[in-house]
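Data first, discussion second: the structure below is written as structure tokens.
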Amino acid sequence: MEYNGSSSEKAVPAGELDRRHVGQSVSFQPNDFTVVFGTIAGIARTDALVYLSLDGVSGGTHLKDEYDLPVDHNVYLQLDPLSSAEKGLADAAKAVREKLDEFGKNIRDREQGKDSE
């Protein structure tokens, strides 16, 4: 199995997780057979490993609520809807600005063409 997150998630190396990520939804594949979905309850880190404590995962006979991952192991965090919306609006505004500039240039070019006749 090869889990690569979903389109509503972004990949982050486990070593980049810090206190800002506590409370966020996370998914990751700790081994070849398991994909974990949960909420980060706590994070501890050494030079080589990141220890994640999760809410919403334990309780089954085979489910753990603590995982140790290498610092370069990707975990997948839910995209921040406000940041995504802000980026989308900024991209749309840029596209509109470029079109308006293009229209203005075309009008100026036409007017200059008429003046030279």
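A note on labels: chains of the structure tokens are A, B, ... as shown, every chain counts residues from 1, and ligands are counted from 1 in their shown order.
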If you run DSSP on the backbone, which residues of stretch 42-114 of chain A are alpha helix (DSSP H), as a ChimeraX atom specification?
/A:81-114
Go ahead and save the picked residues with N, CA and C atoms, as a short mmCIF file (atom, residue, chain, number, x, y, z; two decimals), in the first residue's frame.
data_model
loop_
_atom_site.label_atom_id
_atom_site.label_comp_id
_atom_site.auth_asym_id
_atom_site.auth_seq_id
_atom_site.Cartn_x
_atom_site.Cartn_y
_atom_site.Cartn_z
N PRO A 81 -8.55 25.92 5.12
CA PRO A 81 -9.50 26.45 4.14
C PRO A 81 -9.37 27.96 3.94
N LEU A 82 -9.02 28.69 4.99
CA LEU A 82 -8.88 30.15 4.84
C LEU A 82 -7.66 30.49 3.99
N SER A 83 -6.55 29.80 4.23
CA SER A 83 -5.36 30.06 3.42
C SER A 83 -5.59 29.67 1.98
N SER A 84 -6.26 28.53 1.76
CA SER A 84 -6.55 28.09 0.40
C SER A 84 -7.45 29.09 -0.31
N ALA A 85 -8.47 29.58 0.39
CA ALA A 85 -9.38 30.56 -0.22
C ALA A 85 -8.64 31.86 -0.52
N GLU A 86 -7.78 32.28 0.39
CA GLU A 86 -7.02 33.51 0.20
C GLU A 86 -6.11 33.39 -1.03
N LYS A 87 -5.44 32.25 -1.17
CA LYS A 87 -4.58 32.03 -2.33
C LYS A 87 -5.40 32.01 -3.62
N GLY A 88 -6.55 31.36 -3.58
CA GLY A 88 -7.43 31.31 -4.75
C GLY A 88 -7.89 32.69 -5.17
N LEU A 89 -8.27 33.51 -4.20
CA LEU A 89 -8.70 34.88 -4.50
C LEU A 89 -7.54 35.72 -5.04
N ALA A 90 -6.36 35.56 -4.47
CA ALA A 90 -5.19 36.30 -4.94
C ALA A 90 -4.86 35.91 -6.39
N ASP A 91 -4.95 34.62 -6.70
CA ASP A 91 -4.69 34.15 -8.06
C ASP A 91 -5.73 34.71 -9.04
N ALA A 92 -7.00 34.73 -8.61
CA ALA A 92 -8.05 35.27 -9.47
C ALA A 92 -7.85 36.76 -9.70
N ALA A 93 -7.50 37.49 -8.65
CA ALA A 93 -7.26 38.93 -8.79
C ALA A 93 -6.10 39.20 -9.74
N LYS A 94 -5.06 38.38 -9.66
CA LYS A 94 -3.91 38.54 -10.56
C LYS A 94 -4.34 38.31 -12.01
N ALA A 95 -5.15 37.27 -12.24
CA ALA A 95 -5.61 36.98 -13.60
C ALA A 95 -6.47 38.12 -14.15
N VAL A 96 -7.35 38.67 -13.32
CA VAL A 96 -8.19 39.80 -13.75
C VAL A 96 -7.32 41.01 -14.06
N ARG A 97 -6.35 41.29 -13.20
CA ARG A 97 -5.45 42.43 -13.42
C ARG A 97 -4.69 42.28 -14.74
N GLU A 98 -4.19 41.06 -15.01
CA GLU A 98 -3.47 40.81 -16.26
C GLU A 98 -4.38 41.02 -17.47
N LYS A 99 -5.62 40.56 -17.40
CA LYS A 99 -6.56 40.74 -18.51
C LYS A 99 -6.86 42.22 -18.73
N LEU A 100 -7.08 42.96 -17.64
CA LEU A 100 -7.34 44.40 -17.77
C LEU A 100 -6.15 45.12 -18.39
N ASP A 101 -4.95 44.75 -17.97
CA ASP A 101 -3.74 45.35 -18.56
C ASP A 101 -3.66 45.03 -20.05
N GLU A 102 -4.00 43.79 -20.41
CA GLU A 102 -3.97 43.38 -21.81
C GLU A 102 -5.00 44.16 -22.62
N PHE A 103 -6.22 44.33 -22.08
CA PHE A 103 -7.25 45.10 -22.78
C PHE A 103 -6.81 46.55 -22.97
N GLY A 104 -6.23 47.14 -21.92
CA GLY A 104 -5.75 48.51 -22.02
C GLY A 104 -4.67 48.66 -23.07
N LYS A 105 -3.75 47.71 -23.12
CA LYS A 105 -2.68 47.73 -24.13
C LYS A 105 -3.27 47.63 -25.53
N ASN A 106 -4.24 46.74 -25.72
CA ASN A 106 -4.88 46.58 -27.03
C ASN A 106 -5.58 47.86 -27.46
N ILE A 107 -6.25 48.53 -26.54
CA ILE A 107 -6.93 49.79 -26.87
C ILE A 107 -5.91 50.85 -27.24
N ARG A 108 -4.82 50.97 -26.49
CA ARG A 108 -3.77 51.95 -26.80
C ARG A 108 -3.16 51.66 -28.16
N ASP A 109 -2.89 50.37 -28.45
CA ASP A 109 -2.32 49.99 -29.74
C ASP A 109 -3.25 50.37 -30.89
N ARG A 110 -4.54 50.16 -30.73
CA ARG A 110 -5.52 50.51 -31.77
C ARG A 110 -5.54 52.02 -32.00
N GLU A 111 -5.53 52.78 -30.90
CA GLU A 111 -5.59 54.23 -31.00
C GLU A 111 -4.31 54.75 -31.68
N GLN A 112 -3.17 54.18 -31.38
CA GLN A 112 -1.94 54.60 -32.02
C GLN A 112 -1.96 54.24 -33.49
N GLY A 113 -2.57 53.13 -33.83
CA GLY A 113 -2.68 52.72 -35.24
C GLY A 113 -3.56 53.69 -36.02
N LYS A 114 -4.62 54.20 -35.42
CA LYS A 114 -5.51 55.15 -36.08
C LYS A 114 -4.82 56.51 -36.28
#
With a distance cut-off of 12 Å and only C-alpha atoms, select the neighbouring residues of A:Ala41, excluding the residue or stretch itself and same-chain residues fewer than 3 positions from it, and output the selection as a VMD selection string.
chain A and resid 18 to 26 38 44 51 to 57 65 to 67
What is the atom CA of A:Glu16 to atom CA of A:Val71 distance in Å?
7.7 Å
Atom CA of A:Glu9 and atom CA of A:Ser58 are how many Å apart?
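If I compute the distance from atom CA of A:Glu9 to atom CA of A:Ser58, I get 22.3 Å.
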Pick out the residues sitting within 12 Å of A:Thr34, and hand them over as a list in words; count only C-alpha atoms, and ignore anything fewer than 2 positions along from it in its own chain.
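These residues fall inside the cut-off: Met1, Glu2, Tyr3, Ser27, Phe28, Gln29, Pro30, Asn31, Asp32, Val36, Phe37, His62, Leu63, Lys64 and Tyr67 of chain A.
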Would you output that residue set with all heavy atoms, as a short mmCIF file (atom, residue, chain, number, x, y, z; two decimals), in the first residue's frame?
data_model
loop_
_atom_site.label_atom_id
_atom_site.label_comp_id
_atom_site.auth_asym_id
_atom_site.auth_seq_id
_atom_site.Cartn_x
_atom_site.Cartn_y
_atom_site.Cartn_z
N MET A 1 0.84 -1.17 0.00
CA MET A 1 0.00 0.00 0.00
C MET A 1 0.90 1.24 0.00
O MET A 1 1.91 1.27 0.67
CB MET A 1 -0.88 -0.02 1.26
CG MET A 1 -1.74 1.20 1.39
SD MET A 1 -2.82 1.31 2.86
CE MET A 1 -2.82 -0.24 3.62
N GLU A 2 0.52 2.23 -0.77
CA GLU A 2 1.28 3.47 -0.82
C GLU A 2 0.31 4.64 -0.64
O GLU A 2 -0.40 5.01 -1.56
CB GLU A 2 2.00 3.58 -2.17
CG GLU A 2 2.91 4.78 -2.30
CD GLU A 2 4.12 4.74 -1.37
OE1 GLU A 2 4.58 3.63 -1.05
OE2 GLU A 2 4.58 5.81 -0.97
N TYR A 3 0.26 5.20 0.57
CA TYR A 3 -0.66 6.30 0.86
C TYR A 3 0.02 7.62 0.58
O TYR A 3 1.12 7.88 1.08
CB TYR A 3 -1.12 6.23 2.32
CG TYR A 3 -2.08 7.32 2.68
CD1 TYR A 3 -3.38 7.30 2.21
CD2 TYR A 3 -1.69 8.38 3.49
CE1 TYR A 3 -4.28 8.30 2.52
CE2 TYR A 3 -2.58 9.38 3.81
CZ TYR A 3 -3.87 9.34 3.33
OH TYR A 3 -4.75 10.34 3.65
N SER A 27 -3.04 12.47 8.67
CA SER A 27 -3.08 11.09 8.18
C SER A 27 -1.66 10.73 7.76
O SER A 27 -0.88 11.59 7.36
CB SER A 27 -4.07 10.94 7.02
OG SER A 27 -3.73 11.78 5.94
N PHE A 28 -1.34 9.45 7.87
CA PHE A 28 -0.01 8.99 7.48
C PHE A 28 -0.01 7.47 7.44
O PHE A 28 -0.93 6.81 7.93
CB PHE A 28 1.08 9.49 8.44
CG PHE A 28 0.86 9.12 9.88
CD1 PHE A 28 1.42 7.96 10.41
CD2 PHE A 28 0.11 9.92 10.71
CE1 PHE A 28 1.22 7.62 11.73
CE2 PHE A 28 -0.10 9.59 12.04
CZ PHE A 28 0.47 8.44 12.55
N GLN A 29 1.02 6.94 6.83
CA GLN A 29 1.19 5.49 6.73
C GLN A 29 2.42 5.12 7.54
O GLN A 29 3.55 5.29 7.09
CB GLN A 29 1.35 5.09 5.27
CG GLN A 29 1.42 3.60 5.07
CD GLN A 29 1.44 3.22 3.59
OE1 GLN A 29 1.19 4.03 2.72
NE2 GLN A 29 1.75 1.96 3.33
N PRO A 30 2.24 4.59 8.77
CA PRO A 30 3.39 4.28 9.61
C PRO A 30 4.14 3.01 9.20
O PRO A 30 5.30 2.83 9.56
CB PRO A 30 2.77 4.11 11.00
CG PRO A 30 1.37 3.67 10.73
CD PRO A 30 0.98 4.36 9.45
N ASN A 31 3.46 2.12 8.44
CA ASN A 31 4.10 0.89 7.97
C ASN A 31 3.45 0.47 6.66
O ASN A 31 2.56 1.17 6.16
CB ASN A 31 4.02 -0.22 9.03
CG ASN A 31 2.59 -0.52 9.43
OD1 ASN A 31 1.71 -0.65 8.57
ND2 ASN A 31 2.33 -0.60 10.72
N ASP A 32 3.84 -0.65 6.12
CA ASP A 32 3.34 -1.08 4.81
C ASP A 32 1.87 -1.47 4.81
O ASP A 32 1.25 -1.57 3.75
CB ASP A 32 4.15 -2.27 4.29
CG ASP A 32 5.56 -1.87 3.91
OD1 ASP A 32 5.79 -0.67 3.65
OD2 ASP A 32 6.43 -2.76 3.86
N VAL A 36 -3.21 5.70 9.04
CA VAL A 36 -3.77 6.25 10.27
C VAL A 36 -4.40 7.61 9.97
O VAL A 36 -3.82 8.43 9.26
CB VAL A 36 -2.65 6.43 11.34
CG1 VAL A 36 -3.19 7.08 12.59
CG2 VAL A 36 -2.02 5.08 11.66
N PHE A 37 -5.59 7.82 10.52
CA PHE A 37 -6.28 9.11 10.44
C PHE A 37 -6.62 9.50 11.87
O PHE A 37 -7.19 8.70 12.61
CB PHE A 37 -7.58 9.01 9.64
CG PHE A 37 -7.39 8.50 8.24
CD1 PHE A 37 -7.49 7.15 7.96
CD2 PHE A 37 -7.10 9.38 7.21
CE1 PHE A 37 -7.32 6.67 6.67
CE2 PHE A 37 -6.91 8.91 5.92
CZ PHE A 37 -7.03 7.55 5.65
N HIS A 62 -6.49 -3.37 17.40
CA HIS A 62 -5.26 -3.22 16.63
C HIS A 62 -4.85 -1.77 16.43
O HIS A 62 -3.91 -1.48 15.70
CB HIS A 62 -5.42 -3.87 15.24
CG HIS A 62 -5.76 -5.32 15.33
ND1 HIS A 62 -4.88 -6.27 15.77
CD2 HIS A 62 -6.90 -5.99 15.04
CE1 HIS A 62 -5.45 -7.45 15.76
NE2 HIS A 62 -6.69 -7.31 15.31
N LEU A 63 -5.56 -0.85 17.06
CA LEU A 63 -5.30 0.57 16.84
C LEU A 63 -4.46 1.15 17.98
O LEU A 63 -4.74 0.92 19.15
CB LEU A 63 -6.61 1.35 16.71
CG LEU A 63 -7.52 0.92 15.56
CD1 LEU A 63 -8.82 1.69 15.63
CD2 LEU A 63 -6.83 1.15 14.23
N LYS A 64 -3.47 1.90 17.60
CA LYS A 64 -2.62 2.58 18.58
C LYS A 64 -2.94 4.07 18.54
O LYS A 64 -3.43 4.58 17.55
CB LYS A 64 -1.14 2.40 18.23
CG LYS A 64 -0.68 0.98 18.19
CD LYS A 64 0.80 0.79 17.88
CE LYS A 64 1.54 1.96 17.32
NZ LYS A 64 2.94 1.77 17.06
N TYR A 67 2.56 6.99 17.84
CA TYR A 67 3.39 6.52 16.73
C TYR A 67 4.72 7.24 16.77
O TYR A 67 4.79 8.43 17.11
CB TYR A 67 2.70 6.80 15.39
CG TYR A 67 1.48 5.94 15.19
CD1 TYR A 67 0.24 6.37 15.66
CD2 TYR A 67 1.57 4.71 14.57
CE1 TYR A 67 -0.88 5.58 15.51
CE2 TYR A 67 0.45 3.90 14.41
CZ TYR A 67 -0.76 4.35 14.89
OH TYR A 67 -1.87 3.56 14.73
#
Atom CA of A:Asp72 to atom CA of A:Gly15: how many Å, to one decimal?
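Answer for the atom CA of A:Asp72 to atom CA of A:Gly15 separation: 6.2 Å.
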Assign secondary structure with DSSP using the backbone only, and return the residues of chain A in strand (DSSP E or B) as a VMD selection string.
chain A and resid 9 to 13 25 to 31 34 to 45 49 to 55 66 to 70 74 to 78
Using only C-alpha atoms: which of A:His73, A:Leu17, A:Asp115, A:Val12 has the shortest distance to A:Ile40
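Looking at the shortest contact to A:Ile40, the residue is A:Leu17.
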